[in-house]
Each structure stands twice: as structure tokens, then as C-alpha cells.
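Have a look at start.csv; it's CSV, C-alpha atoms:
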```csv
chain,number,residue,atom,x,y,z
D,453,MET,CA,-139.3,-61.5,-29.4
D,454,LYS,CA,-141.3,-59.0,-27.3
D,455,CYS,CA,-141.3,-60.5,-23.8
D,456,LYS,CA,-139.9,-59.6,-20.4
D,457,ALA,CA,-136.6,-61.0,-19.1
D,458,LEU,CA,-138.3,-63.0,-16.4
D,459,ILE,CA,-139.2,-66.7,-15.8
D,460,ILE,CA,-142.2,-66.7,-13.5
D,461,SER,CA,-143.7,-69.4,-11.2
D,462,ILE,CA,-147.3,-70.0,-10.2
D,463,LYS,CA,-149.1,-70.9,-7.0
D,464,GLY,CA,-151.2,-74.0,-7.7
D,465,THR,CA,-152.3,-76.7,-10.1
D,466,LYS,CA,-154.5,-74.3,-12.1
D,467,LEU,CA,-153.9,-70.9,-13.5
D,468,SER,CA,-155.7,-68.1,-11.5
D,469,THR,CA,-157.4,-65.3,-13.4
D,470,ARG,CA,-154.5,-63.0,-12.6
D,471,GLU,CA,-151.9,-65.6,-13.7
D,472,ARG,CA,-153.8,-65.9,-17.0
D,473,PHE,CA,-153.6,-62.1,-17.4
D,474,LEU,CA,-149.9,-62.2,-16.5
D,475,LEU,CA,-149.2,-64.8,-19.3
D,476,SER,CA,-151.3,-63.1,-21.9
D,477,ARG,CA,-150.7,-59.4,-21.3
D,478,GLU,CA,-147.4,-59.0,-19.3
D,479,LYS,CA,-145.4,-61.5,-21.5
D,480,PRO,CA,-142.9,-63.3,-19.2
D,481,TRP,CA,-140.2,-65.2,-21.1
D,482,GLY,CA,-141.1,-68.5,-19.6
D,483,ILE,CA,-142.5,-70.4,-16.6
D,484,ILE,CA,-141.0,-72.9,-14.1
D,485,LEU,CA,-143.1,-75.7,-12.5
D,486,PHE,CA,-142.7,-77.1,-9.0
D,487,SER,CA,-144.3,-80.0,-7.1
D,488,ARG,CA,-147.1,-77.6,-5.9
D,489,ASN,CA,-148.2,-77.3,-9.5
D,490,LEU,CA,-148.1,-81.0,-10.3
D,491,LYS,CA,-150.9,-83.3,-9.2
D,492,SER,CA,-151.4,-85.9,-11.9
D,493,LEU,CA,-150.1,-86.5,-15.4
D,494,LYS,CA,-153.5,-85.5,-16.9
D,495,GLN,CA,-153.6,-82.3,-14.9
D,496,ILE,CA,-150.0,-81.4,-15.9
D,497,LYS,CA,-150.8,-81.9,-19.6
D,498,LYS,CA,-153.8,-79.7,-19.3
D,499,LEU,CA,-151.9,-77.0,-17.4
D,500,THR,CA,-149.0,-76.9,-19.9
D,501,SER,CA,-151.4,-76.9,-22.9
D,502,GLN,CA,-153.3,-74.0,-21.3
D,503,ILE,CA,-150.1,-72.0,-20.7
D,504,LYS,CA,-149.0,-72.4,-24.3
D,505,LYS,CA,-152.5,-71.5,-25.6
D,506,ILE,CA,-152.7,-68.3,-23.4
D,507,ALA,CA,-149.1,-67.3,-24.3
D,508,LYS,CA,-150.0,-68.0,-28.0
D,509,ASN,CA,-146.8,-70.0,-28.4
D,510,ASN,CA,-146.7,-73.8,-28.9
D,511,HIS,CA,-143.0,-73.7,-27.9
D,512,PHE,CA,-143.4,-71.4,-24.9
D,513,PRO,CA,-140.5,-72.2,-22.5
D,514,ILE,CA,-141.7,-74.4,-19.6
D,515,LEU,CA,-139.0,-75.5,-17.2
D,516,ILE,CA,-138.7,-78.1,-14.5
D,517,ASP,CA,-136.1,-79.3,-12.0
D,518,GLU,CA,-136.1,-83.0,-12.6
D,519,GLU,CA,-132.6,-84.1,-11.5
D,520,GLY,CA,-133.7,-87.3,-9.7
D,521,GLU,CA,-134.1,-88.5,-6.1
D,522,THR,CA,-133.5,-85.5,-3.9
D,523,VAL,CA,-134.6,-82.9,-6.5
D,524,SER,CA,-137.5,-84.4,-8.4
D,525,ARG,CA,-140.7,-82.4,-8.9
D,526,LEU,CA,-142.4,-85.4,-10.4
D,527,LYS,CA,-141.4,-87.8,-7.6
D,528,SER,CA,-145.0,-88.7,-6.6
D,529,LEU,CA,-145.9,-89.4,-10.3
D,530,ILE,CA,-143.0,-91.3,-11.8
D,531,ASN,CA,-140.5,-93.8,-10.5
D,532,HIS,CA,-137.4,-91.7,-10.6
D,533,ASN,CA,-135.2,-92.7,-7.6
D,534,LEU,CA,-131.7,-92.3,-9.2
D,535,ASN,CA,-129.2,-89.5,-8.7
D,536,ALA,CA,-126.2,-88.1,-10.5
D,537,SER,CA,-123.9,-89.7,-7.9
D,538,PHE,CA,-125.1,-93.1,-8.9
D,539,PHE,CA,-124.1,-92.5,-12.6
D,540,GLY,CA,-120.8,-91.0,-11.6
D,541,SER,CA,-119.9,-94.1,-9.6
D,542,LEU,CA,-121.0,-96.3,-12.5
D,543,TYR,CA,-119.0,-94.2,-15.0
D,544,GLU,CA,-115.9,-94.7,-12.9
D,545,LYS,CA,-116.3,-98.4,-13.1
D,546,ASP,CA,-117.3,-98.8,-16.7
D,547,LYS,CA,-117.6,-95.8,-19.0
D,548,ILE,CA,-119.2,-97.6,-22.0
D,549,PHE,CA,-121.8,-99.5,-19.9
D,550,CYS,CA,-122.6,-96.3,-17.9
D,551,SER,CA,-123.0,-94.2,-21.1
D,552,ASN,CA,-125.5,-96.7,-22.6
D,553,ILE,CA,-127.5,-97.0,-19.4
D,554,TYR,CA,-127.5,-93.2,-19.0
D,555,LYS,CA,-128.6,-92.7,-22.5
D,556,HIS,CA,-131.7,-94.9,-21.9
D,557,TYR,CA,-132.4,-93.2,-18.6
D,558,ILE,CA,-132.3,-89.7,-20.2
D,559,HIS,CA,-134.3,-90.9,-23.2
D,560,SER,CA,-137.0,-92.3,-20.9
D,561,LEU,CA,-137.1,-89.1,-18.8
D,562,CYS,CA,-137.4,-86.9,-21.9
D,563,LYS,CA,-140.2,-89.0,-23.2
D,564,VAL,CA,-142.2,-88.3,-20.0
D,565,LEU,CA,-141.3,-84.5,-20.1
D,566,LYS,CA,-142.3,-84.2,-23.7
D,567,ARG,CA,-145.6,-85.9,-23.1
D,568,LEU,CA,-146.3,-83.5,-20.3
D,569,GLY,CA,-145.5,-80.4,-22.5
D,570,ILE,CA,-142.2,-79.5,-20.7
D,571,ASN,CA,-139.3,-78.5,-23.0
D,572,ILE,CA,-136.5,-77.4,-20.6
D,573,ASN,CA,-135.0,-79.6,-17.7
D,574,THR,CA,-132.6,-77.8,-15.4
D,575,ILE,CA,-129.9,-80.5,-15.6
D,576,PRO,CA,-127.0,-81.3,-15.4
D,577,VAL,CA,-125.5,-80.2,-12.1
D,578,LEU,CA,-121.8,-79.6,-12.9
D,579,ASP,CA,-120.7,-78.8,-9.4
D,580,ILE,CA,-117.7,-80.9,-8.3
D,581,LEU,CA,-117.8,-82.6,-4.9
D,582,ARG,CA,-115.2,-81.4,-2.4
D,583,LEU,CA,-114.4,-82.2,1.2
D,584,LYS,CA,-116.8,-79.5,2.5
D,585,THR,CA,-119.3,-79.3,-0.3
D,586,SER,CA,-122.7,-78.2,1.1
D,587,LYS,CA,-125.3,-81.0,1.6
D,588,ILE,CA,-127.6,-79.1,-0.7
D,589,ILE,CA,-125.4,-80.4,-3.6
D,590,GLY,CA,-124.5,-83.8,-2.2
D,591,LYS,CA,-125.6,-86.7,-4.5
D,592,ARG,CA,-126.8,-84.2,-7.0
D,593,SER,CA,-123.1,-84.0,-8.1
D,594,PHE,CA,-121.8,-86.7,-10.4
D,595,SER,CA,-118.4,-86.9,-8.7
D,596,LYS,CA,-115.4,-85.4,-7.0
D,597,ASN,CA,-113.5,-86.2,-10.2
D,598,LYS,CA,-113.7,-83.2,-12.5
D,599,ASN,CA,-113.2,-85.3,-15.6
D,600,ILE,CA,-116.2,-87.5,-14.7
D,601,VAL,CA,-118.4,-84.5,-14.0
D,602,LYS,CA,-117.4,-82.9,-17.3
D,603,GLU,CA,-117.9,-86.1,-19.4
D,604,LEU,CA,-121.3,-86.9,-17.9
D,605,GLY,CA,-122.3,-83.3,-18.3
D,606,LEU,CA,-121.5,-83.4,-22.0
D,607,LEU,CA,-123.4,-86.7,-22.3
D,608,THR,CA,-126.4,-85.2,-20.5
D,609,ILE,CA,-126.7,-82.3,-22.9
D,610,LYS,CA,-126.1,-84.6,-25.9
D,611,TYR,CA,-128.8,-87.0,-24.9
D,612,LEU,CA,-131.3,-84.2,-24.0
D,613,HIS,CA,-130.7,-82.5,-27.3
D,614,GLN,CA,-131.3,-85.8,-29.2
D,615,ASN,CA,-134.7,-85.8,-27.5
D,616,LYS,CA,-135.5,-82.1,-28.3
D,617,ILE,CA,-135.3,-81.1,-24.6
D,618,ALA,CA,-133.0,-78.3,-23.6
D,619,GLY,CA,-130.7,-78.6,-20.6
D,620,VAL,CA,-129.4,-76.0,-18.1
D,621,ILE,CA,-125.9,-76.4,-16.8
D,622,LYS,CA,-125.6,-75.3,-13.2
D,623,HIS,CA,-124.5,-73.7,-11.0
D,624,ILE,CA,-122.0,-71.7,-13.1
D,625,PRO,CA,-119.1,-71.1,-12.3
D,626,GLY,CA,-119.3,-73.9,-9.7
D,627,HIS,CA,-121.1,-74.5,-6.3
D,628,GLY,CA,-118.9,-77.4,-5.1
D,629,ALA,CA,-116.4,-75.3,-3.2
D,630,ALA,CA,-119.1,-73.7,-1.1
D,631,SER,CA,-119.8,-75.3,2.3
D,632,SER,CA,-123.2,-73.5,3.0
D,633,ASP,CA,-126.6,-73.6,1.3
D,634,SER,CA,-127.3,-70.5,-0.8
D,635,HIS,CA,-131.0,-71.0,-0.2
D,636,LEU,CA,-130.4,-69.9,3.4
D,637,LYS,CA,-127.4,-67.6,3.4
D,638,THR,CA,-124.6,-66.3,1.2
D,639,PRO,CA,-121.8,-68.9,0.7
D,640,LYS,CA,-118.3,-67.6,0.6
D,641,VAL,CA,-115.5,-69.2,-1.4
D,642,LYS,CA,-111.9,-68.0,-0.9
D,643,LEU,CA,-110.1,-70.2,-3.5
D,644,SER,CA,-107.6,-68.6,-5.8
D,645,LYS,CA,-108.5,-67.8,-9.5
D,646,LYS,CA,-106.0,-70.6,-10.5
D,647,GLU,CA,-107.7,-73.3,-8.4
D,648,LEU,CA,-111.2,-72.3,-9.4
D,649,ASN,CA,-110.2,-72.3,-13.1
D,650,GLY,CA,-108.4,-75.6,-12.9
D,651,VAL,CA,-111.2,-77.4,-11.0
D,652,ASP,CA,-114.6,-75.8,-10.5
D,653,PHE,CA,-114.8,-74.0,-13.9
D,654,TYR,CA,-113.6,-77.1,-15.8
D,655,PRO,CA,-116.8,-79.0,-16.3
D,656,PHE,CA,-118.6,-75.9,-17.7
D,657,LYS,CA,-116.1,-75.4,-20.5
D,658,SER,CA,-117.0,-76.6,-24.0
D,659,SER,CA,-120.6,-77.2,-23.1
D,660,LYS,CA,-123.1,-77.1,-25.9
D,661,ALA,CA,-125.9,-76.3,-23.5
D,662,LYS,CA,-128.4,-73.6,-24.6
D,663,PHE,CA,-128.8,-72.4,-21.0
D,664,ALA,CA,-126.8,-72.0,-17.8
D,665,MET,CA,-127.8,-71.1,-14.3
D,666,THR,CA,-125.7,-68.9,-12.1
D,667,ALA,CA,-124.4,-69.6,-8.5
D,668,HIS,CA,-125.4,-67.2,-5.7
D,669,ILE,CA,-121.9,-67.5,-4.3
D,670,LEU,CA,-119.3,-64.9,-3.3
D,671,TYR,CA,-115.9,-65.9,-4.8
D,672,SER,CA,-113.8,-63.4,-2.8
D,673,LYS,CA,-110.7,-63.7,-5.1
D,674,LEU,CA,-112.8,-62.9,-8.1
D,675,ASP,CA,-115.2,-60.2,-6.7
D,676,ASN,CA,-115.2,-59.5,-3.0
D,677,LYS,CA,-118.4,-57.5,-3.1
D,678,ASN,CA,-120.9,-59.4,-5.3
D,679,VAL,CA,-122.1,-63.0,-5.6
D,680,ALA,CA,-121.6,-64.4,-9.1
D,681,THR,CA,-125.2,-63.7,-10.1
D,682,LEU,CA,-124.7,-60.0,-9.4
D,683,SER,CA,-121.1,-59.7,-10.6
D,684,SER,CA,-120.3,-58.2,-14.0
D,685,LYS,CA,-116.7,-59.1,-13.4
D,686,ILE,CA,-117.5,-62.8,-13.0
D,687,ILE,CA,-120.1,-63.0,-15.7
D,688,LYS,CA,-118.0,-61.1,-18.3
D,689,ASP,CA,-114.5,-62.2,-17.4
D,690,LYS,CA,-115.1,-65.8,-16.2
D,691,ILE,CA,-118.4,-67.1,-17.5
D,692,ARG,CA,-118.3,-65.5,-20.9
D,693,LYS,CA,-114.5,-65.2,-21.6
D,694,LYS,CA,-112.8,-67.9,-19.6
D,695,ILE,CA,-115.4,-70.6,-19.6
D,696,LYS,CA,-116.7,-69.4,-23.0
D,697,PHE,CA,-120.4,-70.0,-22.3
D,698,ASN,CA,-122.3,-68.3,-25.1
D,699,GLY,CA,-125.9,-69.4,-24.4
D,700,ILE,CA,-128.6,-67.8,-22.3
D,701,LEU,CA,-127.6,-67.1,-18.7
D,702,ILE,CA,-130.4,-67.5,-16.2
D,703,SER,CA,-130.0,-66.3,-12.6
D,704,ASP,CA,-130.7,-68.8,-9.9
D,705,ASP,CA,-133.9,-68.0,-7.9
D,706,ILE,CA,-133.8,-64.4,-6.9
D,707,SER,CA,-135.9,-65.1,-3.8
D,708,MET,CA,-133.1,-67.1,-2.2
D,709,ARG,CA,-131.5,-65.7,1.0
D,710,ALA,CA,-128.0,-65.6,-0.5
D,711,LEU,CA,-129.1,-62.3,-2.2
D,712,LYS,CA,-129.3,-59.4,0.2
D,713,TYR,CA,-131.6,-57.0,-1.6
D,714,ASN,CA,-135.4,-57.0,-2.2
D,715,LEU,CA,-136.7,-59.0,-5.2
D,716,VAL,CA,-136.9,-56.1,-7.7
D,717,VAL,CA,-133.3,-54.9,-6.8
D,718,ASN,CA,-132.0,-58.5,-7.0
D,719,ALA,CA,-133.6,-58.9,-10.4
D,720,LYS,CA,-132.4,-55.6,-11.8
D,721,LYS,CA,-128.8,-56.1,-10.5
D,722,SER,CA,-128.6,-59.6,-12.0
D,723,LEU,CA,-129.6,-58.3,-15.4
D,724,GLU,CA,-127.2,-55.3,-15.1
D,725,ALA,CA,-124.4,-57.7,-14.2
D,726,GLY,CA,-125.0,-59.7,-17.4
D,727,CYS,CA,-127.6,-62.4,-16.7
D,728,ASN,CA,-130.1,-62.6,-19.6
D,729,LEU,CA,-133.1,-63.9,-17.6
D,730,VAL,CA,-134.2,-63.6,-14.0
D,731,LEU,CA,-135.7,-66.7,-12.3
D,732,TYR,CA,-138.4,-66.3,-9.7
D,733,CYS,CA,-139.6,-69.5,-7.9
D,734,ALA,CA,-141.7,-68.5,-4.9
D,735,GLY,CA,-145.0,-68.3,-7.0
D,736,ASN,CA,-146.4,-65.2,-5.3
D,737,THR,CA,-148.7,-63.5,-7.8
D,738,ASN,CA,-148.2,-60.0,-6.5
D,739,ASP,CA,-144.4,-60.4,-6.7
D,740,ASN,CA,-144.7,-61.8,-10.2
D,741,PHE,CA,-146.5,-58.6,-11.3
D,742,LYS,CA,-144.1,-56.4,-9.3
D,743,LEU,CA,-141.1,-58.0,-11.0
D,744,ILE,CA,-142.5,-58.2,-14.5
D,745,ARG,CA,-143.5,-54.5,-14.5
D,746,SER,CA,-140.1,-53.5,-13.2
D,747,LEU,CA,-138.0,-55.4,-15.6
D,748,PRO,CA,-137.0,-54.7,-19.3
D,749,TYR,CA,-137.9,-56.6,-22.4
D,750,ILE,CA,-135.3,-59.2,-23.4
D,751,ASP,CA,-132.4,-57.8,-25.4
D,752,ARG,CA,-131.3,-58.7,-29.0
D,753,PHE,CA,-128.9,-61.4,-27.8
D,754,THR,CA,-131.6,-63.2,-25.7
D,755,SER,CA,-134.1,-62.8,-28.6
D,756,GLN,CA,-131.7,-64.4,-31.1
D,757,LYS,CA,-130.9,-67.3,-28.7
D,758,THR,CA,-134.6,-67.8,-27.9
D,759,SER,CA,-135.3,-68.0,-31.7
D,760,GLU,CA,-132.5,-70.6,-32.0
D,761,PHE,CA,-134.2,-72.5,-29.1
D,762,PHE,CA,-137.6,-72.5,-30.8
D,763,LYS,CA,-136.0,-73.8,-34.1
D,764,PHE,CA,-134.2,-76.5,-32.1
D,765,LEU,CA,-137.6,-77.7,-30.7
D,766,ARG,CA,-139.1,-78.2,-34.1
```

Would you mind writing the file out in C-alpha cells?
Amino acid sequence: MKCKALIISIKGTKLSTRERFLLSREKPWGIILFSRNLKSLKQIKKLTSQIKKIAKNNHFPILIDEEGETVSRLKSLINHNLNASFFGSLYEKDKIFCSNIYKHYIHSLCKVLKRLGININTIPVLDILRLKTSKIIGKRSFSKNKNIVKELGLLTIKYLHQNKIAGVIKHIPGHGAASSDSHLKTPKVKLSKKELNGVDFYPFKSSKAKFAMTAHILYSKLDNKNVATLSSKIIKDKIRKKIKFNGILISDDISMRALKYNLVVNAKKSLEAGCNLVLYCAGNTNDNFKLIRSLPYIDRFTSQKTSEFFKFLR
């Protein structure tokens, strides 16, 4: 699998000449789409078909953040006004009823995504609500109850997989204890290893997700110098060994302000720490080229897991 360890983003609703070149010659691992790229259902289908054709791969990884309500890239195109909190509250009242409704909801969402040519949805959010959880998470979380978050997370992956769409558990090892927004600054969490393991790590354990996305959070009792995305201690000891996540680990967006270095250094440090792929969301073409020419090809582990992902899609 000869491609670079980078998920790119693009500027508009059509591929520019340079973006075509990027896909055909520079070989990014995948692409993530945002509202700026999505104008109509017809246009999206045309765009994703073009991406796959240029990449010469009918299963080329195309990601989207389609969580519902507050984070919905397709908000203007599909009626999608629910959130994780709604299902968490419903699950607390009636598990069986909620599970059935949720299954139909995920099935309907997957039907739309497949029709549009998208094969990875970056759900579920497995961050547990706490007293001072940042508003950036808010209703994107299922619950303050770790068992509800875990159970609905497991159902999300199960239902996505039934529909041949891959999910991305996030933000590993847990964003709920952070009171600030990592888009704007570096959140700091001072909780003990024991408390983090018993609460925040819990929903991520035993997940069958093929992908996970890291948290740009400084957990000072785990690593007082590096946020999780850039911490080999956290990735190796907590995410891989303690949580036992064995799928592809994607960095959260490296253009977020929680990371203190420039884009290339952020990217390199995340890969050195143990992330398998770097995610870049700002869509600047020059930065796409700068990153892809600075980063290595994917390693054997990522190649093997990517092959498994392609087999899963068939």
C-alpha cells in the first residue's frame, strides 16, 4: 500500500488542478470532506466518484464528520437534527426501544453516506460528560454515565459495520475531563491515572472500531510535556496496552491551536509518537503539498490494517 501517512482536505466543491495532481501523484492515504466541499447530493456524488477515479481506487478512504445537529457537514442537505445526548437519554429510559430506534437511525444515515460515496464516518464520540466538560463536546456526548457511553459506542460501531461504513472512536483516551476547547488552546487535565482509567478510558475499551482519533489534551499525570497526540507514553502505554485499541490511530486535526508547533512538526511528532495517520482539515493546497512531501509512506502495520478495511468494504 504505497501511500503517504496523511489524510488531506480540499478547498471547494470541485478538485482544482493541483488537488488532482496531489491525489494522483503524491498519494495521500485518504481525504476528509467538510461543509465547504458539499453543495448538493449530485455534486457530492460527482466529487467522490472523481476522487476515487483519480486515486485509482474504488475504496479510497473518504471521511466525514456526521455526528448530528452541532457537528453535521450535511446539515443543509439532509434532515439530521438529532444528537448523541438524545440517544443517551433515551437509552437511560428504555434500552431496548433506544437500541431499535438507534439502529434505524444509523442504518438511514449509512444509506445516505454510501449513496454519496463516503465510507468512513468519524463517530462515535466516546467522551464522558463531566461537571466542567468543554462546550465543544456538550451534546455530542451520549451521557455522563460511562456505561451508557460505552454501550451506545459499541452499538454505533456494530450498526455502522452492518452497513459497511467504518467508524472512528474519538477522542481517545477521552476529552470529557477537559474544560477548554482544543481548537483554541491546549486543554490540561490533572486527574490521576486511576481516575482516568476507571472513567474516561472505559468507553474506549473492547471497541471493534477500525479507527480511533486522538485527543489534543495534556494529561499531566500521564505525560506532563506532551498532549496525547504527541505522546509516545500515552499512545504506547495507555491507548495500545491499557485500552488495547489495535486499529489505525488517526491524529485529530494538526492545524488546531492545541498543538504548539508548525504543521510539519506537528505531523512528524504525531507519527513519531505512534499515530498511524495525520489528519489535516484546513484545506490549504500549499500546506497539503508541504505536508505530504515531508511525511513518510505508511508503515507495514497501517498497510495491513488498510487492506483489512478494503476487504471489509467489499

note = Shortest contact to Ile503 in chain D, candidates D:Arg472, D:His623, D:Lys598, D:Lys673, atoms counted only C-alpha atoms, goes to D:Arg472

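The shortest atom-to-atom distance to Asn489 in chain D, with all atoms listed in the file taken into account, belongs to D:Arg525 out of D:Ile744, D:Asn509, D:Arg525, D:Thr681.
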
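Counting all atoms listed in the file and comparing D:Ile460, D:Leu648, D:Leu711, D:Leu490, the residue that lies closest to Asn738 in chain D is D:Ile460.
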
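Counting all atoms listed in the file, the residue from D:Ser684, D:Asn698, D:Ser461, D:Ser759 that sits nearest to Ile514 in chain D is D:Ser461.
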
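Considering all atoms listed in the file, the residue among D:Glu471, D:Asp579, D:Glu544, D:Asp633 positioned nearest to Ala710 in chain D is D:Asp633.
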
Scan for residues within 12 Å of the point (-142.8, -86.8, -20.9) in the coordinates of the file, using only C-alpha atoms, and reply as a compact mmCIF listing (two decimals) with C-alpha atoms, keeping the file's coordinate frame.
```txt
# COMPACT_ATOMS: atom_id res chain seq x y z
CA LEU D 493 -150.10 -86.50 -15.40
CA LYS D 494 -153.50 -85.50 -16.90
CA ILE D 496 -150.00 -81.40 -15.90
CA LYS D 497 -150.80 -81.90 -19.60
CA THR D 500 -149.00 -76.90 -19.90
CA ILE D 516 -138.70 -78.10 -14.50
CA GLU D 518 -136.10 -83.00 -12.60
CA LEU D 526 -142.40 -85.40 -10.40
CA LEU D 529 -145.90 -89.40 -10.30
CA ILE D 530 -143.00 -91.30 -11.80
CA ILE D 558 -132.30 -89.70 -20.20
CA HIS D 559 -134.30 -90.90 -23.20
CA SER D 560 -137.00 -92.30 -20.90
CA LEU D 561 -137.10 -89.10 -18.80
CA CYS D 562 -137.40 -86.90 -21.90
CA LYS D 563 -140.20 -89.00 -23.20
CA VAL D 564 -142.20 -88.30 -20.00
CA LEU D 565 -141.30 -84.50 -20.10
CA LYS D 566 -142.30 -84.20 -23.70
CA ARG D 567 -145.60 -85.90 -23.10
CA LEU D 568 -146.30 -83.50 -20.30
CA GLY D 569 -145.50 -80.40 -22.50
CA ILE D 570 -142.20 -79.50 -20.70
CA ASN D 571 -139.30 -78.50 -23.00
CA ILE D 572 -136.50 -77.40 -20.60
CA ASN D 573 -135.00 -79.60 -17.70
CA ASN D 615 -134.70 -85.80 -27.50
CA LYS D 616 -135.50 -82.10 -28.30
CA ILE D 617 -135.30 -81.10 -24.60
```

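The gap separating CA of Tyr611 in chain D from CA of Lys693 in chain D is 26.3 Å, in Å to one decimal.
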
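Among the candidates D:Ile483, D:Ala661, D:Leu765, D:Leu715, the residue lying nearest to Lys696 in chain D is D:Ala661 (atoms considered: all atoms listed in the file).
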
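Taking CA of Thr469 in chain D and CA of Ile702 in chain D as endpoints, the distance between them is 27.2 Å.
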
message = Report, in Å to a single decimal, how far apart CA of Ser595 in chain D and CA of Leu581 in chain D are.
response = 5.8 Å

ask   = Hey, what's within 12 Å of His635 in chain D if we count all atoms listed in the file and toss same-chain stuff fewer than 6 positions away? As JSON, numbers by chain, please?
value = {"D": [586, 587, 588, 589, 667, 668, 669, 704, 705, 706, 707, 708, 709, 710, 711, 712, 733, 734]}

message = I'd like the neighbourhood of Lys757 in chain D as a count of residues only, where a residue qualifies if any of its atoms comes within 10 Å (using all atoms listed in the file), though same-chain residues fewer than 6 positions away should be ignored.
response = 6

ask   = Any idea what's packed within 8 Å of Ala630 in chain D, counting all atoms listed in the file, ignoring anything in its chain fewer than 5 positions away? Could you give it as a PyMOL selection string?
value = chain D and resi 584-586+639-641+669

inquiry  = Residues within 8 Å of (-154.5, -74.1, -16.2), file coordinates, counting all atoms listed in the file: what are they? Give the list as an MDAnalysis selection string.
reply    = chainID D and resid 465:468 498:503

For the residues in the current selection, export C-alpha atoms as a tab-separated table (two decimals), keeping the file's coordinate frame.
```tsv
chain	number	residue	atom	x	y	z
D	465	THR	CA	-152.30	-76.70	-10.10
D	466	LYS	CA	-154.50	-74.30	-12.10
D	467	LEU	CA	-153.90	-70.90	-13.50
D	468	SER	CA	-155.70	-68.10	-11.50
D	498	LYS	CA	-153.80	-79.70	-19.30
D	499	LEU	CA	-151.90	-77.00	-17.40
D	500	THR	CA	-149.00	-76.90	-19.90
D	501	SER	CA	-151.40	-76.90	-22.90
D	502	GLN	CA	-153.30	-74.00	-21.30
D	503	ILE	CA	-150.10	-72.00	-20.70
```
